[in-house]
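Asker: Pasting query.pdb here (PDB, C-alpha atoms, pLDDT in the B column):
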```
ATOM      1  CA  MET A 184     -47.568  45.247 -69.556  1.00 85.00           C
ATOM      2  CA  PRO A 185     -45.189  45.074 -72.538  1.00 92.00           C
ATOM      3  CA  LEU A 186     -41.954  43.435 -71.434  1.00 95.00           C
ATOM      4  CA  SER A 187     -38.675  44.926 -72.616  1.00 96.00           C
ATOM      5  CA  GLY A 188     -35.350  46.182 -71.360  1.00 96.00           C
ATOM      6  CA  THR A 189     -36.748  49.707 -71.036  1.00 97.00           C
ATOM      7  CA  LEU A 190     -38.777  48.949 -67.913  1.00 97.00           C
ATOM      8  CA  GLY A 191     -37.814  50.662 -64.704  1.00 97.00           C
ATOM      9  CA  ALA A 192     -37.181  48.842 -61.423  1.00 97.00           C
ATOM     10  CA  ALA A 193     -40.768  49.266 -60.196  1.00 97.00           C
ATOM     11  CA  GLU A 194     -42.176  47.942 -63.483  1.00 98.00           C
ATOM     12  CA  ILE A 195     -39.822  44.954 -63.434  1.00 97.00           C
ATOM     13  CA  GLY A 196     -40.848  44.236 -59.856  1.00 97.00           C
ATOM     14  CA  MET A 197     -44.506  44.388 -60.916  1.00 97.00           C
ATOM     15  CA  ALA A 198     -43.845  42.048 -63.870  1.00 97.00           C
ATOM     16  CA  VAL A 199     -42.085  39.588 -61.539  1.00 97.00           C
ATOM     17  CA  MET A 200     -45.009  39.775 -59.114  1.00 96.00           C
ATOM     18  CA  LEU A 201     -47.465  39.064 -61.934  1.00 95.00           C
ATOM     19  CA  VAL A 202     -45.517  36.015 -63.136  1.00 96.00           C
ATOM     20  CA  VAL A 203     -45.148  34.791 -59.558  1.00 96.00           C
ATOM     21  CA  GLY A 204     -48.901  35.231 -59.066  1.00 94.00           C
ATOM     22  CA  CYS A 205     -49.667  33.190 -62.192  1.00 93.00           C
ATOM     23  CA  ASN A 206     -47.701  30.286 -60.725  1.00 92.00           C
ATOM     24  CA  ASP A 207     -48.726  30.562 -57.078  1.00 89.00           C
ATOM     25  CA  ILE A 208     -50.599  27.311 -56.730  1.00 80.00           C
ATOM     26  CA  ASP A 209     -50.299  24.610 -54.143  1.00 71.00           C
ATOM     27  CA  PRO A 210     -48.692  21.453 -55.438  1.00 61.00           C
ATOM     28  CA  GLU A 211     -50.936  18.590 -56.488  1.00 64.00           C
ATOM     29  CA  ARG A 212     -47.943  16.279 -56.591  1.00 62.00           C
ATOM     30  CA  ASP A 213     -45.986  15.092 -53.602  1.00 66.00           C
ATOM     31  CA  ASP A 214     -42.626  15.394 -55.373  1.00 77.00           C
ATOM     32  CA  ARG A 215     -42.530  19.184 -54.994  1.00 79.00           C
ATOM     33  CA  PRO A 216     -41.038  20.549 -51.798  1.00 85.00           C
ATOM     34  CA  PRO A 217     -43.426  22.035 -49.243  1.00 86.00           C
ATOM     35  CA  ARG A 218     -44.008  25.777 -49.215  1.00 88.00           C
ATOM     36  CA  PRO A 219     -41.298  27.418 -47.055  1.00 91.00           C
ATOM     37  CA  GLY A 220     -42.241  29.258 -43.893  1.00 92.00           C
ATOM     38  CA  ASP A 221     -40.406  32.492 -44.679  1.00 93.00           C
ATOM     39  CA  PRO A 222     -42.578  35.084 -46.476  1.00 95.00           C
ATOM     40  CA  LEU A 223     -40.339  35.593 -49.531  1.00 95.00           C
ATOM     41  CA  GLY A 224     -39.681  31.869 -49.982  1.00 94.00           C
ATOM     42  CA  ALA A 225     -43.414  31.176 -49.657  1.00 93.00           C
ATOM     43  CA  PHE A 226     -44.208  33.919 -52.186  1.00 94.00           C
ATOM     44  CA  LEU A 227     -41.680  32.587 -54.734  1.00 95.00           C
ATOM     45  CA  HIS A 228     -42.458  28.901 -54.110  1.00 94.00           C
ATOM     46  CA  GLY A 229     -44.573  28.221 -57.217  1.00 92.00           C
ATOM     47  CA  LEU A 230     -42.235  30.149 -59.511  1.00 95.00           C
ATOM     48  CA  LEU A 231     -39.229  28.225 -58.222  1.00 94.00           C
ATOM     49  CA  THR A 232     -40.783  24.742 -58.106  1.00 91.00           C
ATOM     50  CA  MET A 233     -43.264  24.495 -60.994  1.00 89.00           C
ATOM     51  CA  ASP A 234     -42.119  22.499 -64.022  1.00 87.00           C
ATOM     52  CA  ASP A 235     -44.277  24.353 -66.545  1.00 89.00           C
ATOM     53  CA  LEU A 236     -44.475  28.050 -65.837  1.00 93.00           C
ATOM     54  CA  PHE A 237     -47.229  30.345 -67.086  1.00 91.00           C
ATOM     55  CA  ALA A 238     -46.859  34.037 -67.903  1.00 93.00           C
ATOM     56  CA  ALA A 239     -50.339  35.419 -68.573  1.00 91.00           C
ATOM     57  CA  GLY A 240     -50.637  37.452 -71.721  1.00 90.00           C
ATOM     58  CA  GLY A 241     -49.275  36.937 -75.169  1.00 91.00           C
ATOM     59  CA  LEU A 242     -48.533  38.941 -78.243  1.00 93.00           C
ATOM     60  CA  ARG A 243     -50.612  41.966 -79.190  1.00 93.00           C
ATOM     61  CA  VAL A 244     -50.584  42.945 -82.865  1.00 94.00           C
ATOM     62  CA  THR A 245     -51.777  46.376 -84.007  1.00 95.00           C
ATOM     63  CA  ASP A 246     -52.496  47.339 -87.602  1.00 95.00           C
ATOM     64  CA  THR A 247     -51.329  50.944 -87.566  1.00 93.00           C
ATOM     65  CA  ALA A 248     -53.190  51.738 -90.795  1.00 94.00           C
ATOM     66  CA  SER A 249     -56.650  50.617 -89.632  1.00 95.00           C
ATOM     67  CA  GLY A 250     -56.223  50.739 -85.867  1.00 96.00           C
ATOM     68  CA  THR A 251     -57.324  47.093 -85.585  1.00 97.00           C
ATOM     69  CA  VAL A 252     -55.803  45.345 -82.576  1.00 96.00           C
ATOM     70  CA  LEU A 253     -55.468  41.613 -82.044  1.00 94.00           C
ATOM     71  CA  LEU A 254     -55.254  40.923 -78.318  1.00 92.00           C
ATOM     72  CA  PRO A 255     -54.400  37.589 -76.774  1.00 89.00           C
ATOM     73  CA  GLY A 256     -57.497  35.955 -75.364  1.00 87.00           C
ATOM     74  CA  CYS A 257     -58.090  34.574 -71.902  1.00 88.00           C
ATOM     75  CA  CYS A 258     -55.680  31.791 -70.917  1.00 88.00           C
ATOM     76  CA  ALA A 259     -53.046  32.805 -73.494  1.00 90.00           C
ATOM     77  CA  GLY A 260     -49.525  32.747 -72.131  1.00 91.00           C
ATOM     78  CA  LEU A 261     -46.396  34.593 -73.151  1.00 91.00           C
ATOM     79  CA  GLU A 262     -44.443  31.343 -72.885  1.00 89.00           C
ATOM     80  CA  ASP A 263     -46.188  30.290 -76.123  1.00 89.00           C
ATOM     81  CA  TRP A 264     -44.817  33.170 -78.204  1.00 92.00           C
ATOM     82  CA  ARG A 265     -42.605  30.834 -80.247  1.00 90.00           C
ATOM     83  CA  GLY A 266     -45.766  29.126 -81.569  1.00 89.00           C
ATOM     84  CA  TRP A 267     -46.038  32.079 -83.950  1.00 92.00           C
ATOM     85  CA  LEU A 268     -42.961  30.706 -85.741  1.00 89.00           C
ATOM     86  CA  SER A 269     -45.113  27.962 -87.272  1.00 87.00           C
ATOM     87  CA  LEU A 270     -46.787  30.735 -89.293  1.00 89.00           C
ATOM     88  CA  VAL A 271     -43.446  32.117 -90.460  1.00 89.00           C
ATOM     89  CA  ASP A 272     -42.039  28.701 -91.323  1.00 85.00           C
ATOM     90  CA  ASP A 273     -45.302  27.519 -92.937  1.00 71.00           C
ATOM     91  CA  ASP A 274     -44.974  24.388 -90.864  1.00 61.00           C
ATOM     92  CA  SER A 275     -48.053  22.431 -91.842  1.00 56.00           C
ATOM     93  CA  ARG A 276     -47.188  19.816 -89.203  1.00 58.00           C
ATOM     94  CA  GLY A 277     -47.158  22.396 -86.433  1.00 61.00           C
ATOM     95  CA  SER A 278     -50.300  23.792 -84.967  1.00 73.00           C
ATOM     96  CA  PRO A 279     -51.116  27.493 -85.238  1.00 79.00           C
ATOM     97  CA  PRO A 280     -50.204  29.520 -82.171  1.00 87.00           C
ATOM     98  CA  TYR A 281     -52.625  29.287 -79.267  1.00 87.00           C
ATOM     99  CA  LEU A 282     -54.057  32.764 -78.759  1.00 91.00           C
ATOM    100  CA  GLY A 283     -56.520  31.960 -75.994  1.00 89.00           C
ATOM    101  CA  HIS A 284     -60.272  32.453 -76.051  1.00 88.00           C
ATOM    102  CA  ASP A 285     -62.957  34.981 -75.153  1.00 87.00           C
ATOM    103  CA  PRO A 286     -62.582  36.584 -77.629  1.00 89.00           C
ATOM    104  CA  ASP A 287     -61.527  33.773 -79.907  1.00 92.00           C
ATOM    105  CA  PRO A 288     -58.523  35.186 -81.811  1.00 94.00           C
ATOM    106  CA  LEU A 289     -57.201  33.150 -84.716  1.00 93.00           C
ATOM    107  CA  ALA A 290     -53.932  33.236 -86.651  1.00 93.00           C
ATOM    108  CA  GLU A 291     -53.551  31.393 -89.934  1.00 92.00           C
ATOM    109  CA  ARG A 292     -51.248  31.445 -92.897  1.00 91.00           C
ATOM    110  CA  VAL A 293     -52.670  31.915 -96.379  1.00 91.00           C
ATOM    111  CA  GLY A 294     -49.865  31.764 -98.953  1.00 91.00           C
ATOM    112  CA  ASP A 295     -47.323  34.446 -98.041  1.00 93.00           C
ATOM    113  CA  THR A 296     -49.830  36.273 -95.844  1.00 94.00           C
ATOM    114  CA  VAL A 297     -50.656  35.802 -92.183  1.00 94.00           C
ATOM    115  CA  ARG A 298     -54.315  36.468 -91.446  1.00 95.00           C
ATOM    116  CA  LEU A 299     -55.150  37.440 -87.869  1.00 95.00           C
ATOM    117  CA  THR A 300     -58.839  37.332 -86.979  1.00 96.00           C
ATOM    118  CA  VAL A 301     -59.698  39.284 -83.837  1.00 96.00           C
ATOM    119  CA  ASP A 302     -62.687  37.054 -82.948  1.00 95.00           C
ATOM    120  CA  ALA A 303     -63.238  33.952 -85.090  1.00 94.00           C
ATOM    121  CA  GLU A 304     -66.703  33.503 -83.517  1.00 94.00           C
ATOM    122  CA  ARG A 305     -67.931  36.649 -85.289  1.00 95.00           C
ATOM    123  CA  ASP A 306     -68.598  36.726 -89.026  1.00 95.00           C
ATOM    124  CA  ASP A 307     -67.885  40.458 -89.087  1.00 96.00           C
ATOM    125  CA  SER A 308     -64.692  40.258 -87.054  1.00 97.00           C
ATOM    126  CA  PRO A 309     -61.929  42.688 -87.923  1.00 97.00           C
ATOM    127  CA  VAL A 310     -58.840  41.090 -89.441  1.00 97.00           C
ATOM    128  CA  ILE A 311     -55.213  42.048 -89.791  1.00 97.00           C
ATOM    129  CA  GLU A 312     -53.238  40.760 -92.742  1.00 96.00           C
ATOM    130  CA  LEU A 313     -49.481  40.977 -92.856  1.00 94.00           C
ATOM    131  CA  ASP A 314     -46.736  39.586 -95.002  1.00 95.00           C
ATOM    132  CA  VAL A 315     -44.797  36.635 -93.566  1.00 94.00           C
ATOM    133  CA  THR A 316     -41.593  38.689 -93.783  1.00 95.00           C
ATOM    134  CA  ASP A 317     -43.209  41.405 -91.655  1.00 95.00           C
ATOM    135  CA  LEU A 318     -44.243  38.821 -89.057  1.00 95.00           C
ATOM    136  CA  ARG A 319     -40.697  37.445 -88.964  1.00 95.00           C
ATOM    137  CA  HIS A 320     -39.450  40.998 -88.328  1.00 96.00           C
ATOM    138  CA  LEU A 321     -42.019  41.467 -85.541  1.00 95.00           C
ATOM    139  CA  LEU A 322     -40.994  38.163 -83.895  1.00 95.00           C
ATOM    140  CA  THR A 323     -37.346  39.199 -83.993  1.00 95.00           C
ATOM    141  CA  GLY A 324     -38.420  42.341 -82.132  1.00 96.00           C
ATOM    142  CA  VAL A 325     -40.361  40.251 -79.604  1.00 96.00           C
ATOM    143  CA  GLU A 326     -37.289  38.120 -78.945  1.00 95.00           C
ATOM    144  CA  ARG A 327     -35.102  41.216 -78.565  1.00 96.00           C
ATOM    145  CA  ASP A 328     -37.588  42.772 -76.123  1.00 97.00           C
ATOM    146  CA  LEU A 329     -37.804  39.586 -74.052  1.00 96.00           C
ATOM    147  CA  TYR A 330     -33.996  39.319 -73.874  1.00 96.00           C
ATOM    148  CA  GLY A 331     -33.905  42.970 -72.829  1.00 96.00           C
ATOM    149  CA  PHE A 332     -36.473  42.275 -70.115  1.00 97.00           C
ATOM    150  CA  LEU A 333     -34.505  39.258 -68.912  1.00 96.00           C
ATOM    151  CA  SER A 334     -31.299  41.295 -68.794  1.00 96.00           C
ATOM    152  CA  SER A 335     -33.010  44.064 -66.815  1.00 97.00           C
ATOM    153  CA  ALA A 336     -34.674  41.486 -64.548  1.00 97.00           C
ATOM    154  CA  THR A 337     -31.222  40.020 -63.839  1.00 96.00           C
ATOM    155  CA  THR A 338     -29.996  43.414 -62.660  1.00 97.00           C
ATOM    156  CA  TRP A 339     -33.214  43.937 -60.682  1.00 97.00           C
ATOM    157  CA  ALA A 340     -32.970  40.520 -58.987  1.00 97.00           C
ATOM    158  CA  THR A 341     -29.327  41.088 -58.041  1.00 97.00           C
ATOM    159  CA  ARG A 342     -30.249  44.383 -56.374  1.00 97.00           C
ATOM    160  CA  HIS A 343     -33.594  43.473 -54.786  1.00 97.00           C
ATOM    161  CA  LEU A 344     -33.518  39.776 -53.888  1.00 97.00           C
ATOM    162  CA  PRO A 345     -31.325  37.810 -51.524  1.00 96.00           C
ATOM    163  CA  ARG A 346     -28.418  36.172 -53.354  1.00 94.00           C
ATOM    164  CA  HIS A 347     -29.835  32.639 -52.938  1.00 95.00           C
ATOM    165  CA  HIS A 348     -33.086  33.697 -54.672  1.00 96.00           C
ATOM    166  CA  ALA A 349     -31.747  35.984 -57.419  1.00 97.00           C
ATOM    167  CA  SER A 350     -30.354  33.393 -59.846  1.00 95.00           C
ATOM    168  CA  PRO A 351     -33.236  30.906 -59.461  1.00 96.00           C
ATOM    169  CA  VAL A 352     -35.798  33.688 -60.006  1.00 97.00           C
ATOM    170  CA  VAL A 353     -34.037  34.867 -63.188  1.00 97.00           C
ATOM    171  CA  ALA A 354     -33.810  31.284 -64.469  1.00 96.00           C
ATOM    172  CA  ALA A 355     -37.530  30.797 -63.773  1.00 96.00           C
ATOM    173  CA  LEU A 356     -38.401  34.055 -65.553  1.00 97.00           C
ATOM    174  CA  ALA A 357     -36.385  32.888 -68.557  1.00 96.00           C
ATOM    175  CA  ARG A 358     -38.361  29.639 -68.619  1.00 95.00           C
ATOM    176  CA  ALA A 359     -41.619  31.601 -68.247  1.00 95.00           C
ATOM    177  CA  VAL A 360     -40.874  33.561 -71.439  1.00 94.00           C
ATOM    178  CA  ASP A 361     -39.293  30.604 -73.274  1.00 93.00           C
ATOM    179  CA  LEU A 362     -35.720  31.904 -73.411  1.00 94.00           C
ATOM    180  CA  PRO A 363     -32.499  30.282 -72.273  1.00 89.00           C
ATOM    181  CA  GLY A 364     -31.527  31.945 -69.027  1.00 69.00           C
ATOM    182  CA  PRO A 365     -28.144  33.028 -67.757  1.00 62.00           C
ATOM    183  CA  GLN A 366     -26.296  30.583 -65.537  1.00 45.00           C
ATOM    184  CA  SER A 367     -26.064  33.065 -62.692  1.00 43.00           C
ATOM    185  CA  CYS A 368     -27.108  36.631 -62.035  1.00 44.00           C
ATOM    186  CA  GLY A 369     -24.893  39.050 -63.844  1.00 44.00           C
ATOM    187  CA  GLU A 370     -24.246  36.767 -66.840  1.00 44.00           C
ATOM    188  CA  ARG A 371     -25.958  37.653 -70.067  1.00 44.00           C
ATOM    189  CA  ALA A 372     -28.115  35.060 -71.793  1.00 43.00           C
ATOM    190  CA  PRO A 373     -26.737  33.848 -75.133  1.00 44.00           C
ATOM    191  CA  ARG A 374     -28.341  35.517 -78.136  1.00 45.00           C
ATOM    192  CA  ARG A 375     -30.510  33.247 -80.257  1.00 46.00           C
ATOM    193  CA  GLN A 376     -31.944  34.286 -83.553  1.00 49.00           C
ATOM    194  CA  VAL A 377     -35.525  33.769 -84.598  1.00 50.00           C
ATOM    195  CA  PRO A 378     -35.285  31.594 -87.728  1.00 47.00           C
TER     196      PRO A 378
END
```
Show me this structure written as structure tokens.
Answerer:
Amino acid sequence: MPLSGTLGAAEIGMAVMLVVGCNDIDPERDDRPPRPGDPLGAFLHGLLTMDDLFAAGGLRVTDTASGTVLLPGCCAGLEDWRGWLSLVDDDSRGSPPYLGHDPDPLAERVGDTVRLTVDAERDDSPVIELDVTDLRHLLTGVERDLYGFLSSATTWATRHLPRHHASPVVAALARAVDLPGPQSCGERAPRRQVP
């Protein structure tokens, strides 16, 4: 499900449920509070108590000329979207973005071009090549869409969750998509620019 500010209430609720489901695990550490007895608190427990949140998915890139699509592989998370910046910045110290596995997608920078291999395990794998400037533009759009989703999720949480859950859920969603979250429901997150 592409996340953006254009989602309706039902779609936002579904996105929240999916992120909650990704983080619904029983604690292995004793320093996390026990799962509450009330159904909503129990449902939100992992989202509200996990240090490192996971949002299954990632970035999908489509070459509109050839129709080639690079999909995130299994175990890729949306919280890693900023890893793509290492390709834009040509940061040789940074690692390329993790795109998951099965298939085994690969992103690498070659000069001023970013080469996206759909399945690096196949010699005949389709590839997408794009200019670094185009990738920077795409990442700016990703950031804008995620801020739009977070803004819409803030409105959704204020309307559909009890007050004591709304702000913590929005803050957790912000962490799950690697954005700074608003301090309380109704406040807009500060705008950050992709470098």
Asker: Carefully work through the PyMOL selection byres ((chain A and resi 291) around 9) for this structure and note down the residues it includes, as a ChimeraX atom specification.
Answerer: /A:270,279-280,289-290,292-293,296-300
Asker: Using the chain letters and residue numbers of this document, give as a ChimeraX atom specification the residues selected by the PyMOL selection byres ((chain A and resi 192-196) around 9).
Answerer: /A:184,186,190-191,197-201,332,335-336,339-340,343
Asker: From the list A:Cys258, A:Gly294, A:Glu312, A:Ser334, which residue is nearest Pro363 of chain A when using all atoms listed in the file?
Answerer: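 Looking at the shortest contact to Pro363 of chain A, the residue is A:Ser334.
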Asker: Which residues of segment 298-361 of chain A come within 12 Å of segment 232-235 of chain A, and for each one, what is the closest pair of atoms and their distance in Å to one decimal, counting only C-alpha atoms, sorted by chain and residue number, as JSON lines?
Answerer:
```
{"residue": "A:Pro351", "atom": "CA", "partner": "A:Thr232", "partner_atom": "CA", "distance": 9.8}
{"residue": "A:Val352", "atom": "CA", "partner": "A:Thr232", "partner_atom": "CA", "distance": 10.4}
{"residue": "A:Ala354", "atom": "CA", "partner": "A:Thr232", "partner_atom": "CA", "distance": 11.5}
{"residue": "A:Ala355", "atom": "CA", "partner": "A:Thr232", "partner_atom": "CA", "distance": 8.9}
{"residue": "A:Leu356", "atom": "CA", "partner": "A:Asp235", "partner_atom": "CA", "distance": 11.4}
{"residue": "A:Ala357", "atom": "CA", "partner": "A:Asp235", "partner_atom": "CA", "distance": 11.8}
{"residue": "A:Arg358", "atom": "CA", "partner": "A:Asp235", "partner_atom": "CA", "distance": 8.2}
{"residue": "A:Ala359", "atom": "CA", "partner": "A:Asp235", "partner_atom": "CA", "distance": 7.9}
{"residue": "A:Val360", "atom": "CA", "partner": "A:Asp235", "partner_atom": "CA", "distance": 11.0}
{"residue": "A:Asp361", "atom": "CA", "partner": "A:Asp235", "partner_atom": "CA", "distance": 10.4}
```
Asker: Those residues with C-alpha atoms, as a CSV table (one decimal), keeping the file's coordinate frame please?
Answerer:
```csv
chain,number,residue,atom,x,y,z
A,351,PRO,CA,-33.2,30.9,-59.5
A,352,VAL,CA,-35.8,33.7,-60.0
A,354,ALA,CA,-33.8,31.3,-64.5
A,355,ALA,CA,-37.5,30.8,-63.8
A,356,LEU,CA,-38.4,34.1,-65.6
A,357,ALA,CA,-36.4,32.9,-68.6
A,358,ARG,CA,-38.4,29.6,-68.6
A,359,ALA,CA,-41.6,31.6,-68.2
A,360,VAL,CA,-40.9,33.6,-71.4
A,361,ASP,CA,-39.3,30.6,-73.3
```
Asker: Taking only residues of segment 226-252 of chain A that have an atom at most 10 Å from an atom of segment 202-207 of chain A, what is each one's shortest atom pair and its distance in Å to one decimal, using all atoms listed in the file, in chain and number order, as a Markdown table?
Answerer:
```
| residue | atom | partner | partner_atom | distance |
| --- | --- | --- | --- | --- |
| A:Phe226 | CA | A:Asp207 | CA | 7.5 |
| A:Leu227 | CA | A:Val203 | CA | 6.3 |
| A:His228 | CA | A:Asp207 | CA | 7.1 |
| A:Gly229 | CA | A:Asp207 | CA | 4.8 |
| A:Leu230 | CA | A:Val203 | CA | 5.5 |
| A:Leu231 | CA | A:Val203 | CA | 8.9 |
| A:Thr232 | CA | A:Asn206 | CA | 9.2 |
| A:Met233 | CA | A:Asn206 | CA | 7.3 |
| A:Asp235 | CA | A:Asn206 | CA | 9.0 |
| A:Leu236 | CA | A:Asn206 | CA | 6.4 |
| A:Phe237 | CA | A:Cys205 | CA | 6.2 |
| A:Ala238 | CA | A:Val202 | CA | 5.3 |
| A:Ala239 | CA | A:Cys205 | CA | 6.8 |
```
Asker: Return the single residue from A:Arg346, A:Thr316, A:Pro217, A:Val325 that is closest to Glu262 of chain A, with distances computed using all atoms listed in the file.
Answerer: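 So, comparing all the options, the nearest one is A:Val325.
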Asker: Mind giving me the straight-line distance from atom CA of Pro288 of chain A to atom CA of Gly256 of chain A in Å, one decimal?
Answerer: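 Computing the Euclidean distance for atom CA of Pro288 of chain A and atom CA of Gly256 of chain A yields 6.6 Å.
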